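This is start-v2.cif (mmCIF, C-alpha atoms).
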```cif
data_start
#
loop_
_atom_site.group_PDB
_atom_site.id
_atom_site.type_symbol
_atom_site.label_atom_id
_atom_site.label_comp_id
_atom_site.auth_asym_id
_atom_site.auth_seq_id
_atom_site.Cartn_x
_atom_site.Cartn_y
_atom_site.Cartn_z
ATOM 1 C CA MET H 1 140.432 87.230 209.925
ATOM 2 C CA ARG H 2 142.998 87.023 207.129
ATOM 3 C CA THR H 3 142.079 87.792 203.543
ATOM 4 C CA ARG H 4 144.191 86.323 200.787
ATOM 5 C CA VAL H 5 144.597 88.322 197.590
ATOM 6 C CA ARG H 6 145.430 86.106 194.633
ATOM 7 C CA GLY H 7 147.801 87.301 191.978
ATOM 8 C CA TRP H 8 149.014 90.344 193.909
ATOM 9 C CA ARG H 9 152.489 89.929 192.474
ATOM 10 C CA TRP H 10 151.124 90.307 188.948
ATOM 11 C CA ARG H 11 149.092 93.469 189.597
ATOM 12 C CA ARG H 12 150.466 96.980 189.920
ATOM 13 C CA ASN H 13 150.413 98.162 193.503
ATOM 14 C CA PRO H 14 152.684 100.232 195.732
ATOM 15 C CA LEU H 15 153.695 97.262 197.879
ATOM 16 C CA ARG H 16 154.957 95.150 194.983
ATOM 17 C CA ARG H 17 158.725 95.087 194.620
ATOM 18 C CA ARG H 18 160.952 93.942 191.788
ATOM 19 C CA SER H 19 161.835 90.750 193.707
ATOM 20 C CA ASP H 20 158.110 89.921 193.966
ATOM 21 C CA VAL H 21 157.754 90.105 190.180
ATOM 22 C CA VAL H 22 160.860 87.944 189.676
ATOM 23 C CA GLU H 23 159.516 85.387 192.143
ATOM 24 C CA ALA H 24 156.131 85.294 190.412
ATOM 25 C CA TRP H 25 157.762 84.617 187.036
ATOM 26 C CA THR H 26 160.055 82.029 188.612
ATOM 27 C CA VAL H 27 157.132 80.123 190.124
ATOM 28 C CA LEU H 28 155.445 80.067 186.704
ATOM 29 C CA ILE H 29 158.619 78.830 184.998
ATOM 30 C CA VAL H 30 159.198 76.161 187.667
ATOM 31 C CA ALA H 31 155.597 74.944 187.284
ATOM 32 C CA VAL H 32 156.009 74.632 183.503
ATOM 33 C CA LEU H 33 159.329 72.842 183.930
ATOM 34 C CA LEU H 34 157.911 70.418 186.493
ATOM 35 C CA PHE H 35 154.632 69.602 184.778
ATOM 36 C CA VAL H 36 155.633 69.791 181.104
ATOM 37 C CA VAL H 37 159.382 69.502 180.589
ATOM 38 C CA THR H 38 160.159 66.923 183.295
ATOM 39 C CA PRO H 39 157.703 64.316 181.937
ATOM 40 C CA LEU H 40 158.997 64.959 178.418
ATOM 41 C CA VAL H 41 162.567 64.339 179.611
ATOM 42 C CA GLY H 42 161.440 61.067 181.191
ATOM 43 C CA VAL H 43 159.617 59.950 178.052
ATOM 44 C CA ALA H 44 162.547 60.872 175.794
ATOM 45 C CA ALA H 45 165.057 59.043 178.010
ATOM 46 C CA GLY H 46 162.727 56.039 178.261
ATOM 47 C CA LEU H 47 162.255 55.834 174.495
ATOM 48 C CA ARG H 48 165.990 56.037 173.909
ATOM 49 C CA ALA H 49 166.614 53.366 176.545
ATOM 50 C CA HIS H 50 163.905 51.179 174.993
ATOM 51 C CA ASP H 51 165.499 51.387 171.548
ATOM 52 C CA THR H 52 168.932 50.611 172.958
ATOM 53 C CA ALA H 53 167.713 47.703 175.114
ATOM 54 C CA ARG H 54 165.616 46.264 172.283
ATOM 55 C CA SER H 55 168.535 46.332 169.845
ATOM 56 C CA LEU H 56 170.835 44.801 172.485
ATOM 57 C CA ALA H 57 168.302 42.027 173.140
ATOM 58 C CA ALA H 58 167.983 41.356 169.395
ATOM 59 C CA THR H 59 171.774 41.206 169.054
ATOM 60 C CA GLN H 60 172.035 38.812 171.981
ATOM 61 C CA ARG H 61 169.251 36.610 170.581
ATOM 62 C CA ALA H 62 171.151 36.422 167.276
ATOM 63 C CA GLU H 63 174.468 35.582 168.982
ATOM 64 C CA ARG H 64 173.145 33.047 171.501
ATOM 65 C CA HIS H 65 171.353 29.762 171.100
ATOM 66 C CA GLN H 66 169.244 27.777 173.509
ATOM 67 C CA VAL H 67 169.442 24.038 174.027
ATOM 68 C CA ARG H 68 167.491 21.618 176.196
ATOM 69 C CA ALA H 69 169.974 19.723 178.329
ATOM 70 C CA ARG H 70 169.909 17.213 181.175
ATOM 71 C CA VAL H 71 171.809 17.986 184.383
ATOM 72 C CA ILE H 72 174.361 15.258 185.088
ATOM 73 C CA GLY H 73 176.950 14.673 187.792
ATOM 74 C CA ASP H 74 177.099 16.538 191.088
ATOM 75 C CA PRO H 75 174.277 18.808 192.272
ATOM 76 C CA PRO H 76 174.411 22.351 190.840
ATOM 77 C CA GLU H 77 176.750 24.760 192.636
ATOM 78 C CA ARG H 78 176.085 28.446 193.274
ATOM 79 C CA LEU H 79 178.153 30.850 191.161
ATOM 80 C CA SER H 80 180.548 32.981 193.159
ATOM 81 C CA GLY H 81 180.495 36.790 193.229
ATOM 82 C CA GLY H 82 178.794 38.633 190.418
ATOM 83 C CA GLN H 83 179.131 35.910 187.774
ATOM 84 C CA GLY H 84 175.531 34.750 187.889
ATOM 85 C CA ASP H 85 172.342 36.644 187.381
ATOM 86 C CA ARG H 86 169.143 36.329 189.409
ATOM 87 C CA ALA H 87 167.431 33.935 187.000
ATOM 88 C CA TYR H 88 170.434 31.626 186.526
ATOM 89 C CA PRO H 89 172.484 31.744 189.766
ATOM 90 C CA TYR H 90 173.805 28.143 189.656
ATOM 91 C CA ARG H 91 176.275 26.215 187.517
ATOM 92 C CA ALA H 92 175.949 22.535 186.655
ATOM 93 C CA HIS H 93 177.388 19.922 184.325
ATOM 94 C CA VAL H 94 174.856 19.324 181.506
ATOM 95 C CA ARG H 95 174.557 17.001 178.498
ATOM 96 C CA TRP H 96 172.578 17.501 175.297
ATOM 97 C CA THR H 97 172.460 16.197 171.755
ATOM 98 C CA GLU H 98 172.998 18.518 168.803
ATOM 99 C CA PRO H 99 171.922 17.460 165.325
ATOM 100 C CA GLY H 100 174.979 16.606 163.243
ATOM 101 C CA LYS H 101 177.404 17.021 166.181
ATOM 102 C CA GLY H 102 176.305 14.251 168.530
ATOM 103 C CA THR H 103 176.196 14.324 172.306
ATOM 104 C CA ARG H 104 177.948 17.210 174.034
ATOM 105 C CA THR H 105 178.612 18.104 177.645
ATOM 106 C CA ALA H 106 179.557 21.410 179.283
ATOM 107 C CA TRP H 107 179.249 23.470 182.424
ATOM 108 C CA ALA H 108 176.279 25.771 182.114
ATOM 109 C CA ARG H 109 174.213 28.246 184.110
ATOM 110 C CA VAL H 110 171.009 26.722 185.388
ATOM 111 C CA PRO H 111 167.982 28.137 187.219
ATOM 112 C CA ALA H 112 167.676 27.967 191.004
ATOM 113 C CA GLY H 113 166.063 24.773 192.255
ATOM 114 C CA THR H 114 167.553 22.576 189.510
ATOM 115 C CA ARG H 115 168.497 19.015 190.572
ATOM 116 C CA THR H 116 170.581 16.297 188.993
ATOM 117 C CA GLY H 117 168.529 14.588 186.267
ATOM 118 C CA ASP H 118 166.342 17.622 185.509
ATOM 119 C CA THR H 119 165.995 18.852 181.946
ATOM 120 C CA VAL H 120 166.627 22.591 181.673
ATOM 121 C CA SER H 121 167.003 25.237 179.000
ATOM 122 C CA VAL H 122 170.560 26.578 178.845
ATOM 123 C CA TRP H 123 172.067 29.275 176.651
ATOM 124 C CA PHE H 124 175.423 29.287 174.881
ATOM 125 C CA ASP H 125 177.196 31.933 172.829
ATOM 126 C CA ALA H 126 178.916 31.386 169.460
ATOM 127 C CA ARG H 127 182.112 30.206 171.201
ATOM 128 C CA GLY H 128 180.226 27.584 173.204
ATOM 129 C CA ARG H 129 180.450 29.399 176.547
ATOM 130 C CA SER H 130 177.475 29.276 178.879
ATOM 131 C CA VAL H 131 175.748 32.667 179.068
ATOM 132 C CA ALA H 132 172.618 34.117 180.598
ATOM 133 C CA PRO H 133 169.540 34.158 178.388
ATOM 134 C CA PRO H 134 168.946 37.307 176.339
ATOM 135 C CA PRO H 135 166.549 39.822 177.904
ATOM 136 C CA ASP H 136 162.898 39.248 177.074
ATOM 137 C CA ASP H 137 160.297 41.949 176.355
ATOM 138 C CA ALA H 138 159.421 42.283 180.042
ATOM 139 C CA ALA H 139 163.065 43.020 180.920
ATOM 140 C CA VAL H 140 163.301 45.552 178.087
ATOM 141 C CA TRP H 141 160.184 47.360 179.304
ATOM 142 C CA GLN H 142 161.362 47.222 182.911
ATOM 143 C CA HIS H 143 164.625 48.871 181.831
ATOM 144 C CA THR H 144 162.669 51.461 179.824
ATOM 145 C CA VAL H 145 160.409 52.429 182.717
ATOM 146 C CA THR H 146 163.301 52.528 185.185
ATOM 147 C CA VAL H 147 165.403 54.822 182.992
ATOM 148 C CA GLY H 148 162.406 57.049 182.201
ATOM 149 C CA LEU H 149 161.447 57.440 185.861
ATOM 150 C CA ALA H 150 165.049 58.056 186.888
ATOM 151 C CA ALA H 151 165.491 60.722 184.198
ATOM 152 C CA ALA H 152 162.217 62.440 185.128
ATOM 153 C CA GLY H 153 163.100 62.291 188.828
ATOM 154 C CA GLY H 154 166.559 63.687 188.154
ATOM 155 C CA ALA H 155 165.146 66.509 186.041
ATOM 156 C CA ALA H 156 162.589 67.324 188.751
ATOM 157 C CA ALA H 157 165.326 67.332 191.402
ATOM 158 C CA VAL H 158 167.426 69.743 189.328
ATOM 159 C CA VAL H 159 164.424 72.047 188.807
ATOM 160 C CA LEU H 160 163.516 72.011 192.509
ATOM 161 C CA LEU H 161 167.119 72.573 193.563
ATOM 162 C CA GLY H 162 167.361 75.504 191.144
ATOM 163 C CA HIS H 163 164.120 76.897 192.536
ATOM 164 C CA ALA H 164 165.417 76.616 196.111
ATOM 165 C CA VAL H 165 168.607 78.477 195.149
ATOM 166 C CA GLU H 166 166.558 81.152 193.368
ATOM 167 C CA ARG H 167 164.284 81.576 196.406
ATOM 168 C CA ARG H 168 167.291 82.058 198.648
ATOM 169 C CA ILE H 169 168.744 84.687 196.302
ATOM 170 C CA ALA H 170 165.341 86.370 195.982
ATOM 171 C CA LEU H 171 165.025 86.511 199.761
ATOM 172 C CA ARG H 172 168.403 88.243 200.024
ATOM 173 C CA HIS H 173 167.384 90.778 197.376
ATOM 174 C CA ARG H 174 164.024 91.338 199.058
ATOM 175 C CA LEU H 175 165.670 91.972 202.411
ATOM 176 C CA ALA H 176 168.123 94.390 200.769
ATOM 177 C CA GLU H 177 165.202 96.244 199.120
ATOM 178 C CA TRP H 178 163.398 96.489 202.459
ATOM 179 C CA GLU H 179 166.597 97.755 204.113
ATOM 180 C CA ARG H 180 166.977 100.491 201.476
ATOM 181 C CA GLU H 181 163.322 101.464 201.865
ATOM 182 C CA TRP H 182 163.657 101.594 205.643
ATOM 183 C CA ALA H 183 166.795 103.727 205.339
ATOM 184 C CA ARG H 184 164.725 106.250 203.364
ATOM 185 C CA THR H 185 161.528 106.007 205.434
ATOM 186 C CA GLY H 186 162.819 105.138 208.907
ATOM 187 C CA PRO H 187 164.191 108.542 209.916
ATOM 188 C CA ARG H 188 160.756 110.119 209.373
ATOM 189 C CA TRP H 189 159.195 107.595 211.754
ATOM 190 C CA THR H 190 161.885 107.558 214.401
ATOM 191 C CA GLN H 191 162.465 111.357 214.678
ATOM 192 C CA PRO H 192 160.937 112.850 217.789
ATOM 193 C CA ARG H 193 158.083 115.168 216.968
ATOM 194 C CA ALA H 194 157.947 118.563 218.571
#
```
Will you turn the file into structure tokens for me?
Amino acid sequence: MRTRVRGWRWRRNPLRRRSDVVEAWTVLIVAVLLFVVTPLVGVAAGLRAHDTARSLAATQRAERHQVRARVIGDPPERLSGGQGDRAYPYRAHVRWTEPGKGTRTAWARVPAGTRTGDTVSVWFDARGRSVAPPPDDAAVWQHTVTVGLAAAGGAAAVVLLGHAVERRIALRHRLAEWEREWARTGPRWTQPRA
């Protein structure tokens, strides 16, 4: 039957070596880093990302304007490559009426499933180019959570990698200590007794 003694690395005893004390302190430091510092890193990165994304969304809302337009002409065509986003992956010819400017037409990004004759909301920038809609609050929070989790995960990975390296170094030191001890004690055990 095996008995486990808790905290043996912290107590004074003849079997405790310097590497055992270093390992005990390292485990304590790694635990604090993982359970206190890592979440704080994630929260700090998330808050910074939230502020940045919120100000970017506000800037885009100020620069862009939304109009209700009717799809005219040919059926909408899918944008090639990385030009479209997930919400507005198609391009279609649209017509709308602006107060004071009359009827206007342009090519604009439209949502998937749009057909000729449908009325859709489209976004334009100050130059009149069709653009994706500005991010809403859900997109800002999604970005915040993603950045926070990625930062916390990255910090945890760095801490665990550092701990693995430290354990490997500690094992080498422990084996060297045992070798020195055996060099001192071994001859007394291996000498033939008369």
_Show me the residues close to (163.7, 47.0, 172.7) - anything with an atom within 6 Å, counting all atoms listed in the file - and format the list as a PyMOL selection string._
chain H and resi 50-51+53-55+140
*asked:* Assuming the chain letters and numbering stay as they are in my file, what does the PyMOL selection byres ((chain H and resi 128) around 10) actually select? List them as a list in words.
replied: Arg64, His65, Ala106, Ala108, Trp123, Phe124, Asp125, Ala126, Arg127, Arg129, Ser130 and Val131 of chain H
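With all atoms listed in the file as the basis for measurement, H:Ala139 is the residue among H:Ala151, H:Leu34, H:Ile29, H:Ala139 that approaches H:Leu56 most closely.
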*Would you mind telling me which residue in H:Thr97, H:Pro14, H:Val22, H:Val122 lies nearest to H:Ile169 when using only C-alpha atoms?*
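Using only C-alpha atoms, the shortest distance to H:Ile169 belongs to H:Val22.
For the choices H:Val120, H:Val32, H:Ala112, H:Leu40, the atom-to-atom distance to H:Ala69 is smallest for H:Val120 when using only C-alpha atoms.
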_Can you spell out as a PyMOL selection string the set of residues that the PyMOL selection byres ((chain H and resi 77) around 12) selects in the structure I just provided?_
chain H and resi 71+73-76+78-80+84+88-93+107-116
Since I can't run it myself right now, could you work out what the PyMOL selection byres ((chain H and resi 25) around 12) selects here and report it as a PDB file with C-alpha atoms, in the frame of the given file?
```
ATOM      1  CA  GLY H   7     147.801  87.301 191.978  1.00  0.00           C
ATOM      2  CA  ARG H   9     152.489  89.929 192.474  1.00  0.00           C
ATOM      3  CA  TRP H  10     151.124  90.307 188.948  1.00  0.00           C
ATOM      4  CA  ARG H  18     160.952  93.942 191.788  1.00  0.00           C
ATOM      5  CA  SER H  19     161.835  90.750 193.707  1.00  0.00           C
ATOM      6  CA  ASP H  20     158.110  89.921 193.966  1.00  0.00           C
ATOM      7  CA  VAL H  21     157.754  90.105 190.180  1.00  0.00           C
ATOM      8  CA  VAL H  22     160.860  87.944 189.676  1.00  0.00           C
ATOM      9  CA  GLU H  23     159.516  85.387 192.143  1.00  0.00           C
ATOM     10  CA  ALA H  24     156.131  85.294 190.412  1.00  0.00           C
ATOM     11  CA  THR H  26     160.055  82.029 188.612  1.00  0.00           C
ATOM     12  CA  VAL H  27     157.132  80.123 190.124  1.00  0.00           C
ATOM     13  CA  LEU H  28     155.445  80.067 186.704  1.00  0.00           C
ATOM     14  CA  ILE H  29     158.619  78.830 184.998  1.00  0.00           C
ATOM     15  CA  VAL H  30     159.198  76.161 187.667  1.00  0.00           C
ATOM     16  CA  ALA H  31     155.597  74.944 187.284  1.00  0.00           C
ATOM     17  CA  VAL H  32     156.009  74.632 183.503  1.00  0.00           C
ATOM     18  CA  HIS H 163     164.120  76.897 192.536  1.00  0.00           C
ATOM     19  CA  GLU H 166     166.558  81.152 193.368  1.00  0.00           C
ATOM     20  CA  ARG H 167     164.284  81.576 196.406  1.00  0.00           C
ATOM     21  CA  ALA H 170     165.341  86.370 195.982  1.00  0.00           C
TER      22      ALA H 170
END
```
*Using all atoms listed in the file, which residue out of H:Val36, H:Val94, H:Pro135, H:Arg12 lies closest to H:Ile72?*
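Distance minimum relative to H:Ile72 lands on H:Val94.
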_Selected residue of minimal separation from H:Ala156 among H:Ala49, H:Val41, H:Leu15, H:Leu175, counting all atoms listed in the file_ = H:Val41
*Go ahead and compute the interatomic distance for atom CA of H:Ser121 and atom CA of H:Pro133, in Å to one decimal.*
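For atom CA of H:Ser121 relative to atom CA of H:Pro133, the distance reads 9.3 Å.
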*Just give me the gap between atom CA of H:Trp178 and atom CA of H:Gly162 in Å, one decimal is fine.*
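Separating atom CA of H:Trp178 from atom CA of H:Gly162 is a distance of 24.2 Å.
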*How many Å lie between atom CA of H:Gly102 and atom CA of H:Ala58, rounded to one decimal?*
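A separation of 28.4 Å between them.
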_Of the listed residues H:Asp118, H:Val67, H:Ala176, H:Gln142, that which approaches H:Thr103 most closely, counting all atoms listed in the file_ =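 The closest residue to H:Thr103 is H:Val67.
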Write out N, CA and C atoms for stretch 85-115 of chain H, as a tab-separated table (two decimals), keeping the file's coordinate frame.
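Saved as selection_29.tsv:
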```tsv
chain	number	residue	atom	x	y	z
H	85	ASP	N	173.42	35.66	187.28
H	85	ASP	CA	172.34	36.64	187.38
H	85	ASP	C	171.25	36.04	188.25
H	86	ARG	N	170.19	36.80	188.49
H	86	ARG	CA	169.14	36.33	189.41
H	86	ARG	C	168.41	35.11	188.87
H	87	ALA	N	168.21	35.03	187.57
H	87	ALA	CA	167.43	33.94	187.00
H	87	ALA	C	168.26	32.64	186.90
H	88	TYR	N	169.56	32.79	186.70
H	88	TYR	CA	170.43	31.63	186.53
H	88	TYR	C	171.63	31.73	187.48
H	89	PRO	N	171.40	31.53	188.80
H	89	PRO	CA	172.48	31.74	189.77
H	89	PRO	C	173.36	30.51	190.02
H	90	TYR	N	173.06	29.37	189.39
H	90	TYR	CA	173.80	28.14	189.66
H	90	TYR	C	174.53	27.67	188.40
H	91	ARG	N	175.52	26.80	188.61
H	91	ARG	CA	176.28	26.22	187.52
H	91	ARG	C	176.25	24.71	187.69
H	92	ALA	N	176.01	24.00	186.58
H	92	ALA	CA	175.95	22.54	186.66
H	92	ALA	C	176.53	21.94	185.37
H	93	HIS	N	176.89	20.67	185.47
H	93	HIS	CA	177.39	19.92	184.32
H	93	HIS	C	176.16	19.39	183.58
H	94	VAL	N	176.04	19.72	182.28
H	94	VAL	CA	174.86	19.32	181.51
H	94	VAL	C	175.29	18.56	180.26
H	95	ARG	N	174.32	17.77	179.73
H	95	ARG	CA	174.56	17.00	178.50
H	95	ARG	C	173.36	17.20	177.58
H	96	TRP	N	173.63	17.35	176.30
H	96	TRP	CA	172.58	17.50	175.30
H	96	TRP	C	173.06	16.94	173.97
H	97	THR	N	172.13	16.73	173.07
H	97	THR	CA	172.46	16.20	171.76
H	97	THR	C	172.17	17.25	170.72
H	98	GLU	N	173.17	17.55	169.89
H	98	GLU	CA	173.00	18.52	168.80
H	98	GLU	C	172.93	17.76	167.49
H	99	PRO	N	172.00	18.13	166.63
H	99	PRO	CA	171.92	17.46	165.32
H	99	PRO	C	173.22	17.65	164.54
H	100	GLY	N	173.76	16.56	164.05
H	100	GLY	CA	174.98	16.61	163.24
H	100	GLY	C	176.27	16.65	164.06
H	101	LYS	N	176.19	16.92	165.37
H	101	LYS	CA	177.40	17.02	166.18
H	101	LYS	C	177.45	15.97	167.28
H	102	GLY	N	176.34	15.30	167.52
H	102	GLY	CA	176.30	14.25	168.53
H	102	GLY	C	176.05	14.80	169.92
H	103	THR	N	176.42	13.97	170.91
H	103	THR	CA	176.20	14.32	172.31
H	103	THR	C	177.33	15.22	172.79
H	104	ARG	N	176.96	16.27	173.50
H	104	ARG	CA	177.95	17.21	174.03
H	104	ARG	C	177.69	17.42	175.51
H	105	THR	N	178.74	17.77	176.23
H	105	THR	CA	178.61	18.10	177.64
H	105	THR	C	179.36	19.41	177.90
H	106	ALA	N	178.90	20.15	178.91
H	106	ALA	CA	179.56	21.41	179.28
H	106	ALA	C	179.03	21.86	180.63
H	107	TRP	N	179.74	22.80	181.22
H	107	TRP	CA	179.25	23.47	182.42
H	107	TRP	C	178.38	24.61	181.95
H	108	ALA	N	177.20	24.74	182.56
H	108	ALA	CA	176.28	25.77	182.11
H	108	ALA	C	175.55	26.39	183.30
H	109	ARG	N	175.05	27.58	183.10
H	109	ARG	CA	174.21	28.25	184.11
H	109	ARG	C	172.83	27.62	184.09
H	110	VAL	N	172.34	27.33	185.28
H	110	VAL	CA	171.01	26.72	185.39
H	110	VAL	C	170.18	27.51	186.40
H	111	PRO	N	168.85	27.42	186.28
H	111	PRO	CA	167.98	28.14	187.22
H	111	PRO	C	168.09	27.58	188.63
H	112	ALA	N	167.70	28.40	189.60
H	112	ALA	CA	167.68	27.97	191.00
H	112	ALA	C	166.68	26.83	191.15
H	113	GLY	N	166.96	25.89	192.01
H	113	GLY	CA	166.06	24.77	192.26
H	113	GLY	C	166.28	23.59	191.32
H	114	THR	N	167.26	23.67	190.44
H	114	THR	CA	167.55	22.58	189.51
H	114	THR	C	168.27	21.45	190.26
H	115	ARG	N	167.87	20.19	189.94
H	115	ARG	CA	168.50	19.02	190.57
H	115	ARG	C	169.13	18.13	189.50
```
